[in-house]
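Here's target38.pdb, which has PDB, C-alpha atoms:
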```
MODEL        1
ATOM      1  CA  MET A   1       0.000   0.000   0.000  1.00  0.00           C
ATOM      2  CA  LYS A   2       1.056   3.570  -0.651  1.00  0.00           C
ATOM      3  CA  LEU A   3       0.650   6.828   1.230  1.00  0.00           C
ATOM      4  CA  LYS A   4      -2.143   9.015  -0.083  1.00  0.00           C
ATOM      5  CA  PHE A   5      -1.210  12.470  -1.356  1.00  0.00           C
ATOM      6  CA  THR A   6      -3.978  14.936  -2.104  1.00  0.00           C
ATOM      7  CA  LYS A   7      -3.652  17.800  -4.568  1.00  0.00           C
ATOM      8  CA  GLY A   8      -4.222  21.458  -3.722  1.00  0.00           C
ATOM      9  CA  ASN A   9      -7.055  22.833  -1.578  1.00  0.00           C
ATOM     10  CA  ALA A  10      -8.935  26.102  -1.059  1.00  0.00           C
ATOM     11  CA  LYS A  11      -5.695  27.823  -0.017  1.00  0.00           C
ATOM     12  CA  LEU A  12      -3.027  26.100  -2.074  1.00  0.00           C
ATOM     13  CA  ASP A  13      -2.298  25.987  -5.768  1.00  0.00           C
ATOM     14  CA  LYS A  14      -3.808  22.902  -7.397  1.00  0.00           C
ATOM     15  CA  SER A  15      -0.378  21.724  -8.523  1.00  0.00           C
ATOM     16  CA  ILE A  16       0.861  21.302  -4.927  1.00  0.00           C
ATOM     17  CA  TYR A  17       0.725  17.797  -3.505  1.00  0.00           C
ATOM     18  CA  ILE A  18      -0.108  17.396   0.182  1.00  0.00           C
ATOM     19  CA  LEU A  19       0.591  14.628   2.674  1.00  0.00           C
ATOM     20  CA  SER A  20      -1.545  14.755   5.824  1.00  0.00           C
ATOM     21  CA  LEU A  21      -1.516  12.910   9.144  1.00  0.00           C
ATOM     22  CA  PRO A  22      -4.008  12.950  12.042  1.00  0.00           C
ATOM     23  CA  ALA A  23      -4.115  16.328  13.780  1.00  0.00           C
ATOM     24  CA  GLY A  24      -2.739  16.291  17.303  1.00  0.00           C
ATOM     25  CA  PHE A  25      -1.909  12.588  17.435  1.00  0.00           C
ATOM     26  CA  SER A  26       1.180  13.161  15.300  1.00  0.00           C
ATOM     27  CA  CYS A  27       1.978  16.616  16.714  1.00  0.00           C
ATOM     28  CA  LYS A  28       4.475  15.963  19.510  1.00  0.00           C
ATOM     29  CA  GLY A  29       5.447  19.631  19.827  1.00  0.00           C
ATOM     30  CA  ALA A  30       1.952  21.161  19.765  1.00  0.00           C
ATOM     31  CA  LEU A  31       0.763  23.279  22.688  1.00  0.00           C
ATOM     32  CA  LYS A  32      -1.442  26.303  21.980  1.00  0.00           C
ATOM     33  CA  CYS A  33      -3.212  24.661  19.031  1.00  0.00           C
ATOM     34  CA  LEU A  34      -3.372  21.066  20.291  1.00  0.00           C
ATOM     35  CA  SER A  35      -6.676  19.433  19.349  1.00  0.00           C
ATOM     36  CA  THR A  36      -7.558  15.891  18.337  1.00  0.00           C
ATOM     37  CA  ALA A  37     -10.561  14.269  16.686  1.00  0.00           C
ATOM     38  CA  ASN A  38     -11.379  10.761  17.904  1.00  0.00           C
ATOM     39  CA  ARG A  39     -10.690   8.291  15.099  1.00  0.00           C
ATOM     40  CA  LYS A  40     -14.005   6.475  15.522  1.00  0.00           C
ATOM     41  CA  THR A  41     -16.416   9.211  16.598  1.00  0.00           C
ATOM     42  CA  GLY A  42     -14.750  12.409  15.375  1.00  0.00           C
ATOM     43  CA  LYS A  43     -15.347  14.024  18.750  1.00  0.00           C
ATOM     44  CA  ILE A  44     -12.850  16.822  19.340  1.00  0.00           C
ATOM     45  CA  LYS A  45     -10.712  17.057  22.451  1.00  0.00           C
ATOM     46  CA  ASP A  46      -8.637  20.163  23.127  1.00  0.00           C
ATOM     47  CA  GLY A  47      -5.381  20.135  25.045  1.00  0.00           C
ATOM     48  CA  LYS A  48      -4.902  21.716  28.478  1.00  0.00           C
ATOM     49  CA  HIS A  49      -3.094  24.713  26.963  1.00  0.00           C
ATOM     50  CA  THR A  50      -5.118  25.110  23.761  1.00  0.00           C
ATOM     51  CA  GLU A  51      -5.766  28.765  22.889  1.00  0.00           C
ATOM     52  CA  PHE A  52      -7.168  28.223  19.404  1.00  0.00           C
ATOM     53  CA  ARG A  53      -8.617  25.001  18.056  1.00  0.00           C
ATOM     54  CA  CYS A  54      -6.665  23.272  15.319  1.00  0.00           C
ATOM     55  CA  TYR A  55      -8.402  23.793  11.978  1.00  0.00           C
ATOM     56  CA  ALA A  56      -7.256  20.372  10.747  1.00  0.00           C
ATOM     57  CA  ALA A  57      -8.850  18.657  13.753  1.00  0.00           C
ATOM     58  CA  SER A  58     -12.105  20.465  13.008  1.00  0.00           C
ATOM     59  CA  GLN A  59     -11.929  19.152   9.435  1.00  0.00           C
ATOM     60  CA  GLU A  60     -11.499  15.620  10.728  1.00  0.00           C
ATOM     61  CA  ALA A  61     -14.488  16.019  13.033  1.00  0.00           C
ATOM     62  CA  MET A  62     -16.674  17.119  10.104  1.00  0.00           C
ATOM     63  CA  TYR A  63     -15.470  14.694   7.438  1.00  0.00           C
ATOM     64  CA  PRO A  64     -15.002  11.015   8.422  1.00  0.00           C
ATOM     65  CA  SER A  65     -13.394  10.176   5.055  1.00  0.00           C
ATOM     66  CA  VAL A  66     -10.730  12.854   5.593  1.00  0.00           C
ATOM     67  CA  ARG A  67     -10.114  11.602   9.123  1.00  0.00           C
ATOM     68  CA  GLU A  68      -9.699   7.996   8.006  1.00  0.00           C
ATOM     69  CA  SER A  69      -7.432   8.908   5.074  1.00  0.00           C
ATOM     70  CA  ARG A  70      -5.043  10.679   7.441  1.00  0.00           C
ATOM     71  CA  TRP A  71      -5.090   7.773   9.857  1.00  0.00           C
ATOM     72  CA  LYS A  72      -4.316   5.290   7.076  1.00  0.00           C
ATOM     73  CA  ASN A  73      -1.230   7.334   6.197  1.00  0.00           C
ATOM     74  CA  PHE A  74      -0.193   7.329   9.855  1.00  0.00           C
ATOM     75  CA  ASP A  75      -0.768   3.572  10.155  1.00  0.00           C
ATOM     76  CA  LEU A  76       1.403   2.867   7.118  1.00  0.00           C
ATOM     77  CA  LEU A  77       4.215   5.079   8.386  1.00  0.00           C
ATOM     78  CA  LYS A  78       4.180   3.536  11.847  1.00  0.00           C
ATOM     79  CA  LYS A  79       4.426   0.060  10.332  1.00  0.00           C
ATOM     80  CA  ALA A  80       7.681   1.174   8.728  1.00  0.00           C
ATOM     81  CA  LYS A  81       9.980   0.479  11.661  1.00  0.00           C
ATOM     82  CA  THR A  82      13.211   2.138  10.544  1.00  0.00           C
ATOM     83  CA  LYS A  83      14.251   5.357   8.851  1.00  0.00           C
ATOM     84  CA  LYS A  84      15.144   3.364   5.747  1.00  0.00           C
ATOM     85  CA  ASP A  85      11.708   1.713   5.709  1.00  0.00           C
ATOM     86  CA  ILE A  86       9.967   5.097   6.031  1.00  0.00           C
ATOM     87  CA  GLU A  87      12.157   6.566   3.300  1.00  0.00           C
ATOM     88  CA  LYS A  88      11.326   3.652   0.961  1.00  0.00           C
ATOM     89  CA  LEU A  89       7.592   4.032   1.615  1.00  0.00           C
ATOM     90  CA  ILE A  90       7.687   7.760   0.896  1.00  0.00           C
ATOM     91  CA  LEU A  91       9.689   7.338  -2.324  1.00  0.00           C
ATOM     92  CA  GLU A  92       7.354   4.614  -3.582  1.00  0.00           C
ATOM     93  CA  SER A  93       4.308   6.771  -2.777  1.00  0.00           C
ATOM     94  CA  LEU A  94       5.519  10.160  -4.022  1.00  0.00           C
ATOM     95  CA  PRO A  95       3.614  11.220  -7.179  1.00  0.00           C
ATOM     96  CA  LYS A  96       5.874  11.080 -10.241  1.00  0.00           C
ATOM     97  CA  ASP A  97       4.882  14.557 -11.410  1.00  0.00           C
ATOM     98  CA  ALA A  98       5.375  16.245  -8.022  1.00  0.00           C
ATOM     99  CA  LYS A  99       7.152  19.610  -8.197  1.00  0.00           C
ATOM    100  CA  ILE A 100       6.072  21.100  -4.858  1.00  0.00           C
ATOM    101  CA  VAL A 101       5.024  18.977  -1.870  1.00  0.00           C
ATOM    102  CA  ARG A 102       3.571  20.277   1.367  1.00  0.00           C
ATOM    103  CA  LEU A 103       4.132  18.029   4.340  1.00  0.00           C
ATOM    104  CA  HIS A 104       1.366  18.053   6.893  1.00  0.00           C
ATOM    105  CA  SER A 105      -1.515  20.356   6.133  1.00  0.00           C
ATOM    106  CA  SER A 106      -2.562  18.242   9.107  1.00  0.00           C
ATOM    107  CA  GLY A 107      -0.117  16.642  11.519  1.00  0.00           C
ATOM    108  CA  ASP A 108       3.622  17.084  12.009  1.00  0.00           C
ATOM    109  CA  PHE A 109       6.932  15.254  12.222  1.00  0.00           C
ATOM    110  CA  TYR A 110       6.257  12.677  14.941  1.00  0.00           C
ATOM    111  CA  SER A 111       9.733  11.117  15.340  1.00  0.00           C
ATOM    112  CA  GLN A 112      13.378  11.745  14.520  1.00  0.00           C
ATOM    113  CA  ASP A 113      13.432   8.808  12.086  1.00  0.00           C
ATOM    114  CA  TYR A 114      10.424  10.207  10.232  1.00  0.00           C
ATOM    115  CA  PHE A 115      11.981  13.673  10.025  1.00  0.00           C
ATOM    116  CA  ASP A 116      15.306  12.243   8.867  1.00  0.00           C
ATOM    117  CA  ALA A 117      13.584  10.079   6.253  1.00  0.00           C
ATOM    118  CA  TRP A 118      12.071  13.174   4.644  1.00  0.00           C
ATOM    119  CA  LEU A 119      15.507  14.831   4.577  1.00  0.00           C
ATOM    120  CA  SER A 120      16.867  11.812   2.714  1.00  0.00           C
ATOM    121  CA  VAL A 121      13.970  11.897   0.274  1.00  0.00           C
ATOM    122  CA  ALA A 122      14.554  15.601  -0.405  1.00  0.00           C
ATOM    123  CA  LYS A 123      18.234  14.966  -1.089  1.00  0.00           C
ATOM    124  CA  GLN A 124      17.298  12.275  -3.595  1.00  0.00           C
ATOM    125  CA  LYS A 125      14.718  14.537  -5.269  1.00  0.00           C
ATOM    126  CA  PRO A 126      16.603  17.849  -5.715  1.00  0.00           C
ATOM    127  CA  ASP A 127      14.170  19.091  -8.376  1.00  0.00           C
ATOM    128  CA  VAL A 128      11.199  18.853  -5.988  1.00  0.00           C
ATOM    129  CA  ILE A 129      10.479  21.507  -3.334  1.00  0.00           C
ATOM    130  CA  PHE A 130       9.341  20.024  -0.026  1.00  0.00           C
ATOM    131  CA  TYR A 131       8.044  22.373   2.646  1.00  0.00           C
ATOM    132  CA  ALA A 132       6.473  22.164   6.082  1.00  0.00           C
ATOM    133  CA  TYR A 133       5.402  24.161   9.087  1.00  0.00           C
ATOM    134  CA  THR A 134       6.565  22.380  12.212  1.00  0.00           C
ATOM    135  CA  LYS A 135       6.555  22.555  15.975  1.00  0.00           C
ATOM    136  CA  SER A 136       8.888  19.542  16.169  1.00  0.00           C
ATOM    137  CA  LEU A 137      11.869  21.840  16.469  1.00  0.00           C
ATOM    138  CA  ASN A 138      13.883  19.354  18.522  1.00  0.00           C
ATOM    139  CA  TYR A 139      14.128  17.084  15.460  1.00  0.00           C
ATOM    140  CA  TRP A 140      15.116  20.053  13.290  1.00  0.00           C
ATOM    141  CA  GLU A 141      17.804  21.069  15.807  1.00  0.00           C
ATOM    142  CA  LYS A 142      19.538  17.684  15.597  1.00  0.00           C
ATOM    143  CA  MET A 143      19.782  17.882  11.811  1.00  0.00           C
ATOM    144  CA  ILE A 144      20.141  21.638  11.375  1.00  0.00           C
ATOM    145  CA  ASN A 145      23.362  21.314   9.373  1.00  0.00           C
ATOM    146  CA  GLU A 146      21.902  18.621   7.126  1.00  0.00           C
ATOM    147  CA  ILE A 147      18.890  20.470   5.674  1.00  0.00           C
ATOM    148  CA  PRO A 148      19.036  20.479   1.839  1.00  0.00           C
ATOM    149  CA  SER A 149      18.130  23.672  -0.007  1.00  0.00           C
ATOM    150  CA  ASN A 150      14.913  22.174  -1.421  1.00  0.00           C
ATOM    151  CA  PHE A 151      13.589  21.316   2.059  1.00  0.00           C
ATOM    152  CA  LYS A 152      11.895  24.481   3.300  1.00  0.00           C
ATOM    153  CA  LEU A 153      11.029  24.470   7.002  1.00  0.00           C
ATOM    154  CA  THR A 154       9.105  27.101   8.943  1.00  0.00           C
ATOM    155  CA  ALA A 155       8.929  26.993  12.728  1.00  0.00           C
ATOM    156  CA  SER A 156       5.307  27.308  13.811  1.00  0.00           C
ATOM    157  CA  GLU A 157       5.108  29.426  16.968  1.00  0.00           C
ATOM    158  CA  GLY A 158       2.969  28.276  19.873  1.00  0.00           C
ATOM    159  CA  GLY A 159       4.633  24.938  20.586  1.00  0.00           C
ATOM    160  CA  LYS A 160       6.602  23.265  23.362  1.00  0.00           C
ATOM    161  CA  ASN A 161       9.959  24.090  21.777  1.00  0.00           C
ATOM    162  CA  ASP A 162       9.530  27.788  20.935  1.00  0.00           C
ATOM    163  CA  ASN A 163      12.771  28.596  22.766  1.00  0.00           C
ATOM    164  CA  LEU A 164      14.671  26.973  19.891  1.00  0.00           C
ATOM    165  CA  ILE A 165      13.377  29.554  17.405  1.00  0.00           C
ATOM    166  CA  THR A 166      15.542  32.301  18.890  1.00  0.00           C
ATOM    167  CA  LYS A 167      18.345  29.973  19.958  1.00  0.00           C
ATOM    168  CA  LEU A 168      18.830  28.592  16.460  1.00  0.00           C
ATOM    169  CA  GLY A 169      17.667  31.644  14.488  1.00  0.00           C
ATOM    170  CA  LEU A 170      14.918  29.692  12.731  1.00  0.00           C
ATOM    171  CA  LYS A 171      12.500  31.088  10.192  1.00  0.00           C
ATOM    172  CA  PHE A 172       9.100  31.226  11.863  1.00  0.00           C
ATOM    173  CA  ALA A 173       5.407  31.867  11.322  1.00  0.00           C
ATOM    174  CA  THR A 174       3.132  33.319  13.972  1.00  0.00           C
ATOM    175  CA  VAL A 175      -0.661  33.155  14.104  1.00  0.00           C
ATOM    176  CA  VAL A 176      -2.463  36.499  14.158  1.00  0.00           C
ATOM    177  CA  PHE A 177      -6.124  37.289  14.684  1.00  0.00           C
ATOM    178  CA  SER A 178      -6.279  40.295  12.350  1.00  0.00           C
ATOM    179  CA  GLU A 179      -4.401  42.170   9.643  1.00  0.00           C
ATOM    180  CA  ASP A 180      -3.800  45.005  12.095  1.00  0.00           C
ATOM    181  CA  GLU A 181      -2.021  42.631  14.457  1.00  0.00           C
ATOM    182  CA  ALA A 182       0.275  41.519  11.618  1.00  0.00           C
ATOM    183  CA  LYS A 183       1.051  45.150  10.759  1.00  0.00           C
ATOM    184  CA  LYS A 184       1.994  45.875  14.370  1.00  0.00           C
ATOM    185  CA  LEU A 185       4.351  42.908  14.301  1.00  0.00           C
ATOM    186  CA  LYS A 186       5.680  44.094  10.910  1.00  0.00           C
ATOM    187  CA  LEU A 187       4.963  40.698   9.381  1.00  0.00           C
ATOM    188  CA  GLU A 188       3.483  39.946   5.981  1.00  0.00           C
ATOM    189  CA  ILE A 189       0.477  37.602   5.988  1.00  0.00           C
ATOM    190  CA  ASP A 190       0.886  34.479   3.894  1.00  0.00           C
ATOM    191  CA  HIS A 191      -2.480  33.716   2.250  1.00  0.00           C
ATOM    192  CA  THR A 192      -1.289  31.091  -0.235  1.00  0.00           C
ATOM    193  CA  ASP A 193       1.681  29.338   1.433  1.00  0.00           C
ATOM    194  CA  LYS A 194       4.062  30.944  -1.068  1.00  0.00           C
ATOM    195  CA  LEU A 195       6.078  32.582   1.714  1.00  0.00           C
ATOM    196  CA  ALA A 196       6.481  29.176   3.326  1.00  0.00           C
ATOM    197  CA  TYR A 197       8.456  27.807   0.397  1.00  0.00           C
ATOM    198  CA  SER A 198       9.898  30.868  -1.338  1.00  0.00           C
ATOM    199  CA  THR A 199      11.388  33.096   1.356  1.00  0.00           C
ATOM    200  CA  SER A 200      13.621  32.873   4.407  1.00  0.00           C
ATOM    201  CA  LYS A 201      11.831  35.694   6.238  1.00  0.00           C
ATOM    202  CA  PRO A 202       9.337  35.210   9.092  1.00  0.00           C
ATOM    203  CA  PHE A 203       5.686  35.857   8.335  1.00  0.00           C
ATOM    204  CA  ALA A 204       2.165  35.744   9.808  1.00  0.00           C
ATOM    205  CA  LEU A 205      -0.767  33.384   9.339  1.00  0.00           C
ATOM    206  CA  LEU A 206      -4.273  34.740   9.721  1.00  0.00           C
ATOM    207  CA  LEU A 207      -6.374  32.522  11.978  1.00  0.00           C
ATOM    208  CA  HIS A 208      -9.177  30.747  10.113  1.00  0.00           C
TER
ENDMDL
END
```
This structure in structure tokens:
Amino acid sequence: MKLKFTKGNAKLDKSIYILSLPAGFSCKGALKCLSTANRKTGKIKDGKHTEFRCYAASQEAMYPSVRESRWKNFDLLKKAKTKKDIEKLILESLPKDAKIVRLHSSGDFYSQDYFDAWLSVAKQKPDVIFYAYTKSLNYWEKMINEIPSNFKLTASEGGKNDNLITKLGLKFATVVFSEDEAKKLKLEIDHTDKLAYSTSKPFALLLH
């Protein structure tokens, strides 16, 4: 079996492929946005420190087919026991015509092996741009000198490892509740994800 990649959405260009995992369950670094949708019932549970509900979890609560698709991806990845196994699964599943791939419109890097496997894939596919928002900054820290130029990472503020953003000088995105708030922070709002894969500057994301 292969991982399921979807193509584009309301926000992204239709040419961008997306790999998604279950919201919350795969987000080891989440804090302020931690929410999960029960796999069977879809009932949402927020974390103790949740300040804004995860949009992806809300999607899973509303659409059982979306929820199950993300879980099937997660199940396949967890069956791959080593970094090499994960890497092989990803390479076999990656669409042949992929030019830009967003990792985790839902979910995040859930282990060091999984993170490292994506780095290896990116190195083997230099003509493909891979990009991701992540709160799993501890995995990024361990491989910070190994990130290929076509692997575009953005630290997502509001997680357990936010201290690493300043410590390591990471590119970051912060959630704002209005355009005025973004202006005060002197951050451009990314409405299409283009800033996530085409710039090294920090930016803002307008809360859904």
Can you turn the PyMOL selection byres ((chain A and resi 67) around 10) into a concrete residue list for this file, as a list in words?
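Against this file, the PyMOL selection byres ((chain A and resi 67) around 10) returns the residues Ser20, Leu21, Pro22, Ala23, Ala37, Asn38, Arg39, Lys40, Gly42, Ala56, Ala57, Ser58, Gln59, Glu60, Ala61, Met62, Tyr63, Pro64, Ser65, Val66, Glu68, Ser69, Arg70, Trp71 and Lys72 of chain A.
Comparing the minimum interatomic distances between Gln124 in chain A and each of A:Asp75, A:Glu188, A:Asp46, A:Glu87, counting all atoms listed in the file, we find that A:Glu87 sits nearest.
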Rounded to one decimal place, report the CA of Ile18 in chain A-CA of Gly158 in chain A distance in Å.
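One can read the CA of Ile18 in chain A to CA of Gly158 in chain A distance as 22.7 Å.
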CA of Ala155 in chain A to CA of Trp140 in chain A, straight-line distance in Å:
9.3 Å
Kindly resolve the PyMOL selection byres ((chain A and resi 98) around 9) on the present coordinates and return the residues as a compact mmCIF listing (two decimals) with C-alpha atoms, in the coordinates of the input.
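Contents of selection_4.txt, freshly written:
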```txt
# COMPACT_ATOMS: atom_id res chain seq x y z
CA SER A 15 -0.38 21.72 -8.52
CA ILE A 16 0.86 21.30 -4.93
CA TYR A 17 0.72 17.80 -3.50
CA LEU A 94 5.52 10.16 -4.02
CA PRO A 95 3.61 11.22 -7.18
CA LYS A 96 5.87 11.08 -10.24
CA ASP A 97 4.88 14.56 -11.41
CA LYS A 99 7.15 19.61 -8.20
CA ILE A 100 6.07 21.10 -4.86
CA VAL A 101 5.02 18.98 -1.87
CA VAL A 128 11.20 18.85 -5.99
CA ILE A 129 10.48 21.51 -3.33
```
Taking all atoms of range 31-48 of chain A that appear in the file, build a box with edges along x, y and z, extend it by 6 Å on every side, and state its centre and edge lengths in Å to one decimal, as AutoDock Vina command-line options.
```
--center_x -7.8 --center_y 16.4 --center_z 21.8 --size_x 29.2 --size_y 31.8 --size_z 25.4
```
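Nearest-residue note for Leu137 in chain A: choosing from A:Glu92, A:Asn150, A:Lys28, A:Cys33, the minimum distance belongs to A:Lys28, counting only C-alpha atoms.
Proximity ranking of A:Leu195, A:Cys27, A:Pro148, A:Gly159 relative to His49 in chain A places A:Gly159 first, based on all atoms listed in the file.
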Can you turn the PyMOL selection byres ((chain A and resi 161-178) around 9) into a concrete residue list for this file, as an MDAnalysis selection string?
chainID A and resid 29:30 133 135:138 141 144 153:160 179:183 187 189 196 200:208
Counting only C-alpha atoms, find the residues whose atoms lie at most 7 Å from (-8.5, 16.4, 20.5) (file coordinates) and write them out as a short mmCIF file (atom, residue, chain, number, x, y, z; two decimals) with C-alpha atoms, keeping the file's coordinate frame.
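Resulting contents of point.cif:
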```cif
data_model
loop_
_atom_site.label_atom_id
_atom_site.label_comp_id
_atom_site.auth_asym_id
_atom_site.auth_seq_id
_atom_site.Cartn_x
_atom_site.Cartn_y
_atom_site.Cartn_z
CA GLY A 24 -2.74 16.29 17.30
CA LEU A 34 -3.37 21.07 20.29
CA SER A 35 -6.68 19.43 19.35
CA THR A 36 -7.56 15.89 18.34
CA ALA A 37 -10.56 14.27 16.69
CA ASN A 38 -11.38 10.76 17.90
CA ILE A 44 -12.85 16.82 19.34
CA LYS A 45 -10.71 17.06 22.45
CA ASP A 46 -8.64 20.16 23.13
CA GLY A 47 -5.38 20.14 25.04
#
```
Counting only C-alpha atoms, which of A:Lys48, A:Lys78, A:Lys84, A:Lys4 gets nearest to Leu31 in chain A?
A:Lys48
So, with all atoms listed in the file as the atoms that count, which of A:Asn73, A:Leu185, A:Pro126, A:Tyr114 lies closest to Asp85 in chain A?
A:Tyr114
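Restricting the calculation to only C-alpha atoms, the smallest distance between Leu103 in chain A and any of A:Thr82, A:Thr134, A:Thr41, A:Ser120 is found for A:Thr134.
What separates CA of Lys81 in chain A from CA of Leu19 in chain A is a distance of 19.2 Å.
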